[in-house]
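Visitor: The structure file protein20.cif (mmCIF, C-alpha atoms and all ligand atoms) is provided below.
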data_data
loop_
_atom_site.label_atom_id
_atom_site.label_comp_id
_atom_site.auth_asym_id
_atom_site.auth_seq_id
_atom_site.Cartn_x
_atom_site.Cartn_y
_atom_site.Cartn_z
CA MET A 1 -17.77 -9.48 -23.81
CA ILE A 2 -20.17 -8.75 -20.93
CA ALA A 3 -21.95 -5.41 -20.70
CA PRO A 4 -19.68 -2.68 -19.28
CA GLU A 5 -21.92 -1.90 -16.33
CA ILE A 6 -21.94 -5.59 -15.35
CA ALA A 7 -18.14 -5.84 -15.75
CA VAL A 8 -17.70 -2.71 -13.62
CA SER A 9 -20.03 -3.99 -10.93
CA HIS A 10 -18.27 -7.39 -10.81
CA ALA A 11 -14.89 -5.66 -10.60
CA LEU A 12 -15.82 -3.29 -7.78
CA GLU A 13 -17.56 -6.04 -5.84
CA HIS A 14 -14.21 -7.66 -4.98
CA PHE A 15 -11.97 -4.57 -4.98
CA PHE A 16 -11.19 -3.65 -1.36
CA ILE A 17 -8.59 -1.00 -0.49
CA GLU A 18 -6.87 -0.65 2.88
CA THR A 19 -6.24 2.87 4.12
CA PRO A 20 -3.14 3.67 6.22
CA SER A 21 -3.47 4.96 9.79
CA TRP A 22 -0.51 7.25 9.09
CA GLY A 23 -2.45 8.88 6.27
CA TYR A 24 -4.78 10.62 8.70
CA ALA A 25 -2.16 12.17 11.01
CA ASP A 26 0.09 15.16 10.40
CA THR A 27 3.32 14.09 8.77
CA GLY A 28 5.55 16.00 6.42
CA THR A 29 8.79 15.97 4.54
CA ARG A 30 12.30 16.26 5.98
CA PHE A 31 11.87 19.99 5.48
CA GLY A 32 8.97 20.28 7.84
CA LYS A 33 5.31 19.65 8.50
CA PHE A 34 2.28 21.79 7.63
CA HIS A 35 -0.17 21.00 10.43
CA GLN A 36 -3.83 20.54 9.59
CA PRO A 37 -6.42 21.36 12.29
CA ALA A 38 -8.52 18.30 11.39
CA ALA A 39 -5.53 15.94 11.32
CA ALA A 40 -5.85 12.92 13.63
CA ILE A 41 -4.08 13.22 16.97
CA ASP A 42 -4.27 9.61 18.17
CA MET A 43 -5.35 6.18 16.99
CA ALA A 44 -8.99 6.79 17.98
CA ASP A 45 -9.06 9.77 15.60
CA LYS A 46 -7.36 7.78 12.83
CA LEU A 47 -9.94 5.00 13.13
CA ALA A 48 -12.79 7.53 13.11
CA ASP A 49 -11.38 9.09 9.93
CA ALA A 50 -10.89 5.67 8.33
CA GLY A 51 -14.49 4.91 9.27
CA GLN A 52 -15.63 8.07 7.47
CA VAL A 53 -13.77 7.02 4.30
CA HIS A 54 -15.23 3.50 4.43
CA ARG A 55 -18.75 4.79 5.18
CA LEU A 56 -18.64 6.98 2.07
CA THR A 57 -16.81 4.66 -0.33
CA GLY A 58 -17.92 1.21 0.86
CA CYS A 59 -14.60 -0.43 -0.09
CA CYS A 60 -12.16 0.41 2.73
CA PRO A 61 -12.99 -1.93 5.63
CA THR A 62 -9.43 -2.32 6.95
CA VAL A 63 -6.78 0.03 8.29
CA ALA A 64 -3.03 -0.52 7.94
CA THR A 65 -1.20 0.18 11.19
CA HIS A 66 2.30 1.05 12.27
CA VAL A 67 2.95 -0.76 15.52
CA LEU A 68 4.91 1.84 17.47
CA TRP A 69 2.68 4.69 16.35
CA ASP A 70 -0.68 2.98 16.71
CA PHE A 71 -0.13 0.55 19.59
CA PRO A 72 1.85 2.55 22.16
CA ASP A 73 0.72 0.01 24.73
CA LEU A 74 0.57 -3.49 23.20
CA SER A 75 -1.34 -4.73 26.23
CA LYS A 76 -4.26 -2.53 25.17
CA ALA A 77 -4.49 -3.81 21.59
CA SER A 78 -8.01 -5.09 22.22
CA GLU A 79 -9.12 -1.49 22.90
CA ILE A 80 -7.88 -0.54 19.43
CA VAL A 81 -9.88 -3.42 17.95
CA ALA A 82 -12.99 -2.20 19.77
CA ALA A 83 -12.44 1.37 18.57
CA ALA A 84 -12.02 0.16 14.99
CA SER A 85 -15.21 -1.86 15.18
CA LYS A 86 -17.10 1.16 16.59
CA HIS A 87 -16.24 2.99 13.38
CA GLY A 88 -17.09 0.08 11.12
CA VAL A 89 -13.51 -0.85 10.23
CA ARG A 90 -10.99 -3.55 11.20
CA ILE A 91 -7.24 -3.60 11.75
CA GLY A 92 -5.52 -4.68 8.53
CA SER A 93 -1.83 -5.07 7.84
CA ILE A 94 0.65 -4.76 10.70
CA ASN A 95 3.72 -2.66 9.85
CA PRO A 96 6.64 -2.94 12.29
CA ASN A 97 8.64 0.26 12.83
CA LEU A 98 12.17 -0.63 11.82
CA PHE A 99 13.48 2.78 10.87
CA GLN A 100 13.10 5.41 13.62
CA ASP A 101 14.85 4.06 16.75
CA GLN A 102 18.33 5.50 17.34
CA GLU A 103 19.80 1.99 17.33
CA TYR A 104 18.75 1.62 13.69
CA LYS A 105 21.19 4.30 12.51
CA LEU A 106 23.20 1.66 10.58
CA GLY A 107 20.18 -0.47 9.81
CA SER A 108 17.75 -2.83 11.51
CA ILE A 109 18.04 -6.47 10.41
CA GLY A 110 20.96 -5.44 8.17
CA ASN A 111 22.85 -3.74 10.99
CA PRO A 112 26.44 -4.92 11.57
CA ASP A 113 25.70 -5.10 15.32
CA GLU A 114 24.12 -8.44 16.18
CA ALA A 115 22.33 -6.96 19.21
CA VAL A 116 20.56 -4.41 17.03
CA ARG A 117 19.56 -7.12 14.58
CA ALA A 118 18.16 -9.16 17.45
CA LYS A 119 16.11 -6.17 18.62
CA ALA A 120 14.70 -5.71 15.11
CA VAL A 121 13.86 -9.40 14.71
CA GLN A 122 12.15 -9.35 18.10
CA HIS A 123 10.05 -6.36 17.03
CA ILE A 124 9.04 -8.16 13.84
CA CYS A 125 8.11 -11.25 15.88
CA ASP A 126 6.16 -9.10 18.34
CA SER A 127 4.35 -7.59 15.35
CA ILE A 128 3.54 -11.06 14.04
CA ASP A 129 2.17 -12.01 17.47
CA LEU A 130 0.10 -8.80 17.49
CA GLY A 131 -1.26 -9.81 14.12
CA LYS A 132 -2.33 -13.17 15.57
CA GLU A 133 -4.12 -11.39 18.42
CA LEU A 134 -5.89 -9.02 16.03
CA HIS A 135 -6.59 -11.72 13.40
CA SER A 136 -4.57 -9.69 10.93
CA HIS A 137 -2.83 -11.90 8.38
CA ALA A 138 -0.45 -9.47 6.65
CA ILE A 139 2.84 -8.39 8.22
CA SER A 140 4.08 -5.65 5.92
CA LEU A 141 7.86 -5.15 6.02
CA TRP A 142 9.60 -2.06 4.73
CA PHE A 143 13.28 -1.65 5.60
CA ALA A 144 15.03 1.70 5.44
CA ASP A 145 18.23 -0.36 5.68
CA GLY A 146 21.15 0.41 3.43
CA THR A 147 24.37 2.42 3.36
CA ASN A 148 25.27 5.94 2.38
CA TYR A 149 28.82 5.49 1.20
CA PRO A 150 30.80 2.99 -0.84
CA GLY A 151 32.73 0.72 1.51
CA GLN A 152 30.55 1.56 4.50
CA ASP A 153 29.49 -2.05 4.94
CA SER A 154 29.58 -5.34 3.03
CA ILE A 155 26.63 -5.49 0.62
CA ARG A 156 26.74 -9.31 0.68
CA ALA A 157 27.03 -9.50 4.47
CA ARG A 158 23.93 -7.33 4.73
CA LYS A 159 22.12 -9.65 2.32
CA HIS A 160 23.03 -12.64 4.51
CA ARG A 161 21.81 -10.80 7.64
CA PHE A 162 18.46 -10.17 5.91
CA GLU A 163 18.18 -13.81 4.89
CA SER A 164 18.65 -15.17 8.41
CA ALA A 165 16.41 -12.51 10.00
CA LEU A 166 13.52 -13.09 7.60
CA ARG A 167 13.84 -16.87 7.91
CA GLU A 168 13.58 -16.47 11.68
CA ALA A 169 10.55 -14.17 11.38
CA HIS A 170 8.87 -16.53 8.93
CA LYS A 171 9.02 -19.38 11.49
CA ARG A 172 6.84 -17.26 13.81
CA LEU A 173 3.93 -17.03 11.36
CA ASP A 174 0.60 -18.74 11.88
CA PRO A 175 -0.59 -20.74 8.84
CA ASP A 176 -2.90 -17.91 7.75
CA GLN A 177 -0.30 -15.15 8.08
CA PHE A 178 2.24 -13.97 5.56
CA LEU A 179 5.08 -11.51 5.15
CA LEU A 180 4.82 -8.76 2.54
CA VAL A 181 8.37 -7.79 1.56
CA GLU A 182 8.55 -4.24 0.17
CA TYR A 183 11.39 -2.78 -1.91
CA LYS A 184 12.52 0.79 -2.53
CA PRO A 185 15.42 2.00 -4.72
CA PHE A 186 16.71 4.62 -2.25
CA GLU A 187 15.83 6.89 0.67
CA PRO A 188 16.78 7.20 3.47
CA ALA A 189 19.84 5.21 2.32
CA PHE A 190 21.53 7.04 -0.51
CA TYR A 191 24.30 4.71 -1.71
CA GLN A 192 22.54 1.31 -1.61
CA THR A 193 19.30 0.12 -0.12
CA ASP A 194 19.36 -3.52 0.97
CA LEU A 195 16.03 -4.33 -0.73
CA ALA A 196 16.27 -1.92 -3.65
CA ASP A 197 14.24 -3.60 -6.37
CA TRP A 198 11.68 -6.27 -7.04
CA GLY A 199 14.30 -8.91 -7.75
CA MET A 200 15.93 -8.51 -4.35
CA ALA A 201 12.53 -8.53 -2.62
CA TYR A 202 11.50 -11.61 -4.62
CA MET A 203 14.66 -13.51 -3.69
CA MET A 204 14.39 -12.48 -0.04
CA ALA A 205 10.73 -13.54 0.12
CA LYS A 206 11.56 -16.87 -1.49
CA MET A 207 14.43 -17.43 0.96
CA ALA A 208 12.24 -16.50 3.94
CA GLY A 209 9.69 -19.24 3.21
CA PRO A 210 6.43 -20.09 1.46
CA GLN A 211 4.41 -17.50 3.38
CA ALA A 212 6.26 -14.47 2.03
CA LYS A 213 5.45 -12.45 -1.06
CA VAL A 214 6.48 -9.15 -2.66
CA LEU A 215 4.79 -5.81 -1.95
CA VAL A 216 4.88 -3.37 -4.88
CA ASP A 217 4.82 0.25 -3.79
CA THR A 218 3.91 2.13 -6.96
CA GLY A 219 6.08 5.07 -5.84
CA HIS A 220 9.21 2.93 -5.43
CA HIS A 221 10.60 2.69 -8.96
CA TYR A 222 13.15 4.53 -11.07
CA LEU A 223 11.84 6.91 -13.71
CA SER A 224 10.49 5.04 -16.78
CA GLN A 225 10.56 1.64 -15.03
CA ASN A 226 7.87 -0.67 -16.43
CA ILE A 227 5.92 -1.48 -13.26
CA GLU A 228 3.23 -3.51 -15.00
CA GLN A 229 5.94 -5.86 -16.32
CA ILE A 230 7.12 -6.42 -12.72
CA VAL A 231 3.51 -7.06 -11.70
CA ALA A 232 3.00 -9.54 -14.58
CA TRP A 233 6.13 -11.49 -13.58
CA LEU A 234 5.15 -11.56 -9.90
CA LEU A 235 1.61 -12.67 -10.80
CA ASP A 236 3.03 -15.45 -12.95
CA GLU A 237 5.26 -16.59 -10.08
CA ASN A 238 2.38 -16.33 -7.56
CA MET A 239 4.59 -13.90 -5.64
CA LEU A 240 2.50 -10.69 -5.82
CA GLY A 241 1.43 -10.05 -2.23
CA GLY A 242 0.01 -6.58 -2.64
CA PHE A 243 0.45 -2.91 -3.40
CA HIS A 244 1.10 0.36 -1.66
CA PHE A 245 -0.76 2.88 -3.80
CA ASN A 246 0.77 6.26 -4.46
CA ASP A 247 2.20 8.18 -7.38
CA ARG A 248 5.48 9.92 -8.05
CA ARG A 249 6.95 12.40 -10.44
CA TYR A 250 10.61 11.98 -9.56
CA ALA A 251 11.09 9.62 -6.64
CA ASP A 252 9.08 8.22 -3.71
CA ASP A 253 7.00 11.36 -3.56
CA ASP A 254 3.89 9.84 -2.00
CA LEU A 255 1.60 11.75 -4.33
CA THR A 256 -1.98 10.59 -4.70
CA LEU A 257 -2.51 7.57 -6.94
CA GLY A 258 -3.02 8.46 -10.59
CA SER A 259 -2.23 12.15 -10.07
CA ILE A 260 0.81 11.91 -12.35
CA ASP A 261 0.27 8.83 -14.54
CA PRO A 262 -3.21 7.23 -14.37
CA TYR A 263 -2.58 5.14 -17.52
CA GLN A 264 0.31 3.40 -15.73
CA ILE A 265 -2.00 2.38 -12.85
CA PHE A 266 -4.59 1.25 -15.43
CA ARG A 267 -1.95 -0.94 -17.13
CA ILE A 268 -1.02 -2.48 -13.76
CA PHE A 269 -4.68 -3.30 -13.12
CA HIS A 270 -5.02 -4.61 -16.69
CA GLU A 271 -2.30 -7.20 -15.99
CA ILE A 272 -4.32 -8.41 -12.99
CA HIS A 273 -7.63 -8.61 -14.87
CA PHE A 274 -5.91 -10.32 -17.82
CA TYR A 275 -4.25 -12.85 -15.48
CA ALA A 276 -7.64 -13.60 -13.88
CA TRP A 277 -9.38 -13.82 -17.26
CA GLU A 278 -6.87 -16.50 -18.37
CA ARG A 279 -7.85 -18.38 -15.20
CA GLY A 280 -11.59 -18.33 -15.82
CA GLY A 281 -12.18 -15.18 -13.81
CA VAL A 282 -10.41 -16.44 -10.69
CA TYR A 283 -8.56 -13.51 -9.07
CA PRO A 284 -5.44 -14.03 -6.94
CA LYS A 285 -5.50 -12.75 -3.36
CA ILE A 286 -3.86 -9.32 -3.52
CA ASP A 287 -3.70 -6.80 -0.67
CA TYR A 288 -4.47 -3.36 -2.14
CA MET A 289 -3.24 -0.73 0.33
CA ILE A 290 -2.81 3.02 0.14
CA ASP A 291 0.49 4.45 1.32
CA GLN A 292 0.13 8.21 1.41
CA SER A 293 0.30 10.83 4.05
CA HIS A 294 -0.43 14.18 2.56
CA ASN A 295 1.52 17.21 3.64
CA LEU A 296 -0.65 19.60 1.60
CA LYS A 297 -3.99 18.04 0.63
CA PRO A 298 -6.65 17.70 3.36
CA LYS A 299 -6.06 14.19 4.74
CA ILE A 300 -9.51 12.61 4.42
CA GLU A 301 -10.28 14.31 1.11
CA ALA A 302 -6.97 13.01 -0.29
CA MET A 303 -7.80 9.50 0.93
CA ILE A 304 -11.26 9.55 -0.67
CA GLN A 305 -9.75 10.94 -3.88
CA THR A 306 -7.23 8.08 -3.98
CA VAL A 307 -9.90 5.44 -3.29
CA THR A 308 -12.26 6.70 -5.99
CA THR A 309 -9.38 7.06 -8.46
CA ALA A 310 -8.32 3.46 -7.78
CA GLN A 311 -11.91 2.26 -8.24
CA GLU A 312 -12.24 4.15 -11.53
CA LEU A 313 -8.98 2.80 -12.97
CA TYR A 314 -9.69 -0.74 -11.76
CA ALA A 315 -13.16 -0.56 -13.33
CA LYS A 316 -11.77 0.77 -16.63
CA ALA A 317 -9.16 -2.00 -16.73
CA ALA A 318 -11.97 -4.56 -16.28
CA LEU A 319 -13.42 -3.44 -19.63
CA VAL A 320 -10.52 -4.64 -21.78
CA ASP A 321 -11.83 -7.13 -24.38
CA HIS A 322 -9.33 -9.89 -23.61
CA GLU A 323 -10.65 -12.24 -26.27
CA ALA A 324 -10.17 -9.69 -29.03
CA MET A 325 -6.81 -8.60 -27.60
CA VAL A 326 -5.45 -12.15 -27.54
CA ARG A 327 -6.68 -12.69 -31.11
CA TYR A 328 -4.98 -9.49 -32.30
CA GLN A 329 -1.80 -10.44 -30.40
CA ALA A 330 -1.71 -13.82 -32.16
CA GLU A 331 -2.18 -12.10 -35.53
CA GLY A 332 0.43 -9.44 -34.80
CA ARG A 333 -2.16 -6.71 -35.18
CA ILE A 334 -0.35 -4.26 -32.91
CA ILE A 335 -2.64 -1.27 -33.21
CA ASP A 336 -5.81 -3.33 -32.75
CA ALA A 337 -4.34 -5.06 -29.72
CA GLU A 338 -3.22 -1.73 -28.24
CA MET A 339 -6.62 -0.21 -28.94
CA CYS A 340 -8.23 -2.87 -26.72
CA LEU A 341 -6.49 -1.19 -23.79
CA LYS A 342 -6.95 2.39 -24.98
CA LYS A 343 -10.67 1.88 -25.65
CA ALA A 344 -11.16 0.62 -22.10
CA PHE A 345 -9.01 3.39 -20.61
CA ASN A 346 -11.00 6.01 -22.52
CA THR A 347 -14.38 4.62 -21.46
CA ASP A 348 -16.32 6.82 -19.07
CA VAL A 349 -17.24 4.47 -16.21
CA SER A 350 -18.70 7.15 -13.94
CA ALA A 351 -22.32 6.14 -14.61
CA ALA A 352 -21.58 2.43 -14.03
CA ILE A 353 -19.73 3.25 -10.81
CA GLY A 354 -22.62 5.48 -9.78
CA GLU A 355 -24.99 2.54 -10.30
CA TRP A 356 -22.75 0.29 -8.20
CA ARG A 357 -22.67 2.87 -5.43
CA LYS A 358 -26.44 3.30 -5.57
CA SER A 359 -26.91 -0.48 -5.29
CA HIS A 360 -24.86 -0.33 -2.06
CA ASP A 361 -26.66 2.73 -0.65
CA LEU A 362 -23.49 4.78 -1.06
CA PRO A 363 -23.29 8.44 -2.14
CA SER A 364 -22.70 8.80 -5.89
CA ASP A 365 -19.91 11.33 -5.14
CA PRO A 366 -18.10 10.33 -1.92
CA LEU A 367 -15.91 13.44 -1.88
CA ALA A 368 -18.89 15.79 -2.24
CA ALA A 369 -20.73 13.81 0.45
CA HIS A 370 -17.75 14.15 2.80
CA ARG A 371 -17.56 17.88 2.17
CA ALA A 372 -21.28 18.26 2.80
CA SER A 373 -21.14 16.16 5.99
CA GLY A 374 -19.39 18.81 8.11
CA TYR A 375 -17.09 16.03 9.43
CA GLU A 376 -13.89 17.95 8.67
CA ALA A 377 -14.98 21.17 10.40
CA ALA A 378 -16.21 19.30 13.47
CA ALA A 379 -12.97 17.30 13.69
CA ALA A 380 -10.89 20.47 13.28
CA ALA A 381 -12.73 22.23 16.10
CA GLU A 382 -12.62 19.29 18.52
CA ARG A 383 -9.03 18.33 17.74
CA SER A 384 -7.70 21.90 17.89
CA ALA A 385 -9.19 22.27 21.36
CA ARG A 386 -7.77 18.90 22.40
CA ARG A 387 -4.31 19.83 21.10
CA ILE A 388 -4.33 22.90 23.30
CA ALA A 389 -5.53 20.86 26.28
CA LEU A 390 -2.79 18.29 25.61
CA GLY A 391 -0.16 20.98 25.11
CA LEU A 392 0.55 19.76 21.58
CA THR A 393 1.94 22.48 19.36
CA GLY A 394 0.45 20.76 16.31
CA GLY A 395 0.15 17.36 14.73
CA SER A 396 -0.34 14.08 16.50
CA SER A 397 0.84 12.97 19.92
CA TYR A 398 2.90 10.36 18.05
CA ALA A 399 3.59 9.43 14.41
C1 LIG B 1 7.47 5.28 3.54
C2 LIG B 1 8.37 4.22 2.92
C3 LIG B 1 7.58 2.97 2.55
C4 LIG B 1 6.70 2.48 3.70
C5 LIG B 1 5.84 3.64 4.22
C6 LIG B 1 5.05 3.22 5.45
O1 LIG B 1 8.94 4.74 1.74
O2 LIG B 1 6.77 3.20 1.43
O3 LIG B 1 5.82 1.46 3.19
O4 LIG B 1 6.68 4.75 4.59
O5 LIG B 1 5.90 2.77 6.44
O6 LIG B 1 6.64 5.78 2.52
MN MN B 2 5.15 1.78 1.00
MN MN B 3 7.36 5.03 0.30
#
If you convert what's in this file into structure tokens, what do you get?

Guide:
Amino acid sequence: MIAPEIAVSHALEHFFIETPSWGYADTGTRFGKFHQPAAAIDMADKLADAGQVHRLTGCCPTVATHVLWDFPDLSKASEIVAAASKHGVRIGSINPNLFQDQEYKLGSIGNPDEAVRAKAVQHICDSIDLGKELHSHAISLWFADGTNYPGQDSIRARKHRFESALREAHKRLDPDQFLLVEYKPFEPAFYQTDLADWGMAYMMAKMAGPQAKVLVDTGHHYLSQNIEQIVAWLLDENMLGGFHFNDRRYADDDLTLGSIDPYQIFRIFHEIHFYAWERGGVYPKIDYMIDQSHNLKPKIEAMIQTVTTAQELYAKAALVDHEAMVRYQAEGRIIDAEMCLKKAFNTDVSAAIGEWRKSHDLPSDPLAAHRASGYEAAAAAERSARRIALGLTGGSSYA
């Protein structure tokens, strides 16, 4: 067993987390938005905010984007790349918008109208082409598709529409690109969602082609579902593409990671470390991405909180004594095997993380450093004035 501070340092050295552009702009729930003066108005603001998070945490070099919100003019994508680079970040995953256009009322690639499906497939292909231009390899697909009433549409016909659409999209990929297929039990569809669980996403990814894997959004599971078991199966099948980090109390609440159940996130990370340990310390390529857009918490503070929470839980999970655990498992020593996890989870890794941050010239407390920087107040002042000049009543000019 290597020394904890070494294990923590090794773990954090390869643990990169992508922040979402939409996490910096005003969003809300279906019951309304609470505007924040410092919230990003446009993509330039979002990239500046993402740059602040990366500057203070050192582990967030890429930004997930939503095509229609972040690239209003696809011909100017190179300007977005330049703006990202100015703030020390790069464009990460490309998320098509397949849920907001009026035509998508009855679905996008699952829609009974072939013309609507064609429009959705074209948008996915355009997003893949944008990814090629921006050297972004992940095309992250979430579908709001589903039905609200029994009998509304054929569940199997919708499955077939998904199959052919994703096969078509897959053909468009460059060799270094891949599709991340996300699932969600419900919302906005309330009777059935076409990709409702990991099994459906797994099958759809497999049918699409070899460059498609499953994206596990930690907020997208029924109460009491064992997410780490899903992760272990996907790891074993080499089908775990990545995560959208958030937490939930009841449904897809988009709460900050670990705010409700940190031990669950630790167990998910344990399965990854254990899998790598069995392979001589070789970690699979996994895209760790945050998917939160806080209605109440200050945007950048919430993002830093999520990043540091993820680092802490990932570091703790790296401390599990796998050798001892496997020995106890073989001997049926349940409590001893369980205690291997609990001991790691209960280990205070703050000093080791502080050492890692110091070795990278990073602030020991990124949130405190952000608060002391005056960034939020300056952004609030500048953006409030700009909103007035732009005639925006609040929030962003899009998204
Ligand atoms: C919503 C959806 C899903 C998607 C995200 C970004 O539930 O998680 O990944 O928006 O588009 O949270
Ligand atoms: Mn998600
Ligand atoms: Mn979600």

Visitor: Taking all atoms listed in the file into account, produce a table as a Markdown table in which each residue of chain A with an atom at most 9 Å from an atom of ligand LIG 1 (chain B) appears once, together with its shortest atom pair and the distance in Å to one decimal, ordered by chain and rising number.

Guide:
| residue | atom | partner | partner_atom | distance |
| --- | --- | --- | --- | --- |
| A:Pro20 | CA | B:LIG1 | C6 | 8.2 |
| A:Trp22 | CA | B:LIG1 | C6 | 7.8 |
| A:Thr65 | CA | B:LIG1 | O5 | 8.9 |
| A:His66 | CA | B:LIG1 | O5 | 7.1 |
| A:Asn95 | CA | B:LIG1 | O5 | 6.8 |
| A:Pro96 | CA | B:LIG1 | O5 | 8.2 |
| A:Asn97 | CA | B:LIG1 | O5 | 7.4 |
| A:Leu98 | CA | B:LIG1 | O5 | 8.9 |
| A:Phe99 | CA | B:LIG1 | O5 | 8.8 |
| A:Ser140 | CA | B:LIG1 | O3 | 7.8 |
| A:Leu141 | CA | B:LIG1 | O3 | 7.5 |
| A:Trp142 | CA | B:LIG1 | O3 | 5.4 |
| A:Phe143 | CA | B:LIG1 | C3 | 7.9 |
| A:Ala144 | CA | B:LIG1 | C2 | 7.6 |
| A:Glu182 | CA | B:LIG1 | O3 | 7.0 |
| A:Tyr183 | CA | B:LIG1 | C3 | 8.2 |
| A:Lys184 | CA | B:LIG1 | O1 | 6.8 |
| A:Phe186 | CA | B:LIG1 | O1 | 8.7 |
| A:Glu187 | CA | B:LIG1 | O1 | 7.3 |
| A:Pro188 | CA | B:LIG1 | O1 | 8.4 |
| A:Leu215 | CA | B:LIG1 | O3 | 9.0 |
| A:Asp217 | CA | B:LIG1 | O2 | 6.3 |
| A:Thr218 | CA | B:LIG1 | O2 | 8.9 |
| A:Gly219 | CA | B:LIG1 | O2 | 7.5 |
| A:His220 | CA | B:LIG1 | O2 | 7.3 |
| A:His244 | CA | B:LIG1 | O3 | 6.9 |
| A:Asn246 | CA | B:LIG1 | O2 | 8.9 |
| A:Asp252 | CA | B:LIG1 | O1 | 6.5 |
| A:Asp253 | CA | B:LIG1 | O6 | 8.3 |
| A:Asp254 | CA | B:LIG1 | O6 | 6.7 |
| A:Asp291 | CA | B:LIG1 | C5 | 6.1 |
| A:Gln292 | CA | B:LIG1 | O6 | 7.0 |
| A:Ser293 | CA | B:LIG1 | O6 | 8.2 |

Visitor: Using only C-alpha atoms, which of the listed residues (A:His294, A:Lys76, A:Arg327, A:Arg156) sits closest to A:Pro112?

Guide: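 Result for the nearest residue to A:Pro112: A:Arg156.
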
Visitor: Out of A:Glu312, A:Glu163, A:Asp126, A:Asp336, which residue has the shortest atom-to-atom distance to A:Ala324 when counting all atoms listed in the file?

Guide: A:Asp336

Visitor: Find, counting all atoms listed in the file, the residue in A:Leu235, A:Ile290, A:Ala318, A:Leu195 that gets nearest to A:Tyr24.

Guide: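 Closest candidate: A:Ile290.
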
Visitor: Report the distance between atom CA of A:Leu392 and atom CA of A:Val63 in Å, rounded to one decimal place.

Guide: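 Computing it gives 24.9 Å between the two atoms.
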
Visitor: How far is it from atom CA of A:Ala39 to atom CA of A:Ala385, in Å with one decimal?

Guide: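 Straight-line distance from atom CA of A:Ala39 to atom CA of A:Ala385 works out to 12.4 Å.
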
Visitor: So that I can see what lies close to A:Ser154, please list as an MDAnalysis selection string the residues with an atom at most 12 Å from it, counting only C-alpha atoms and leaving out residues fewer than 4 positions away in the same chain.

Guide: chainID A and resid 110:112 146:147 149:150 158:161 192 194

Visitor: For atom CA of A:Asp236 and atom CA of A:Asp287, quote the distance in Å rounded to one decimal.

Guide: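 One can read the atom CA of A:Asp236 to atom CA of A:Asp287 distance as 16.5 Å.
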
Visitor: Around (-7.1, 1.2, 16.9), as given in the file, which residues come within 9 Å? Count only C-alpha atoms and list them as a VMD selection string.

Guide: chain A and resid 21 42 to 47 63 65 70 to 71 77 to 85 90 to 91
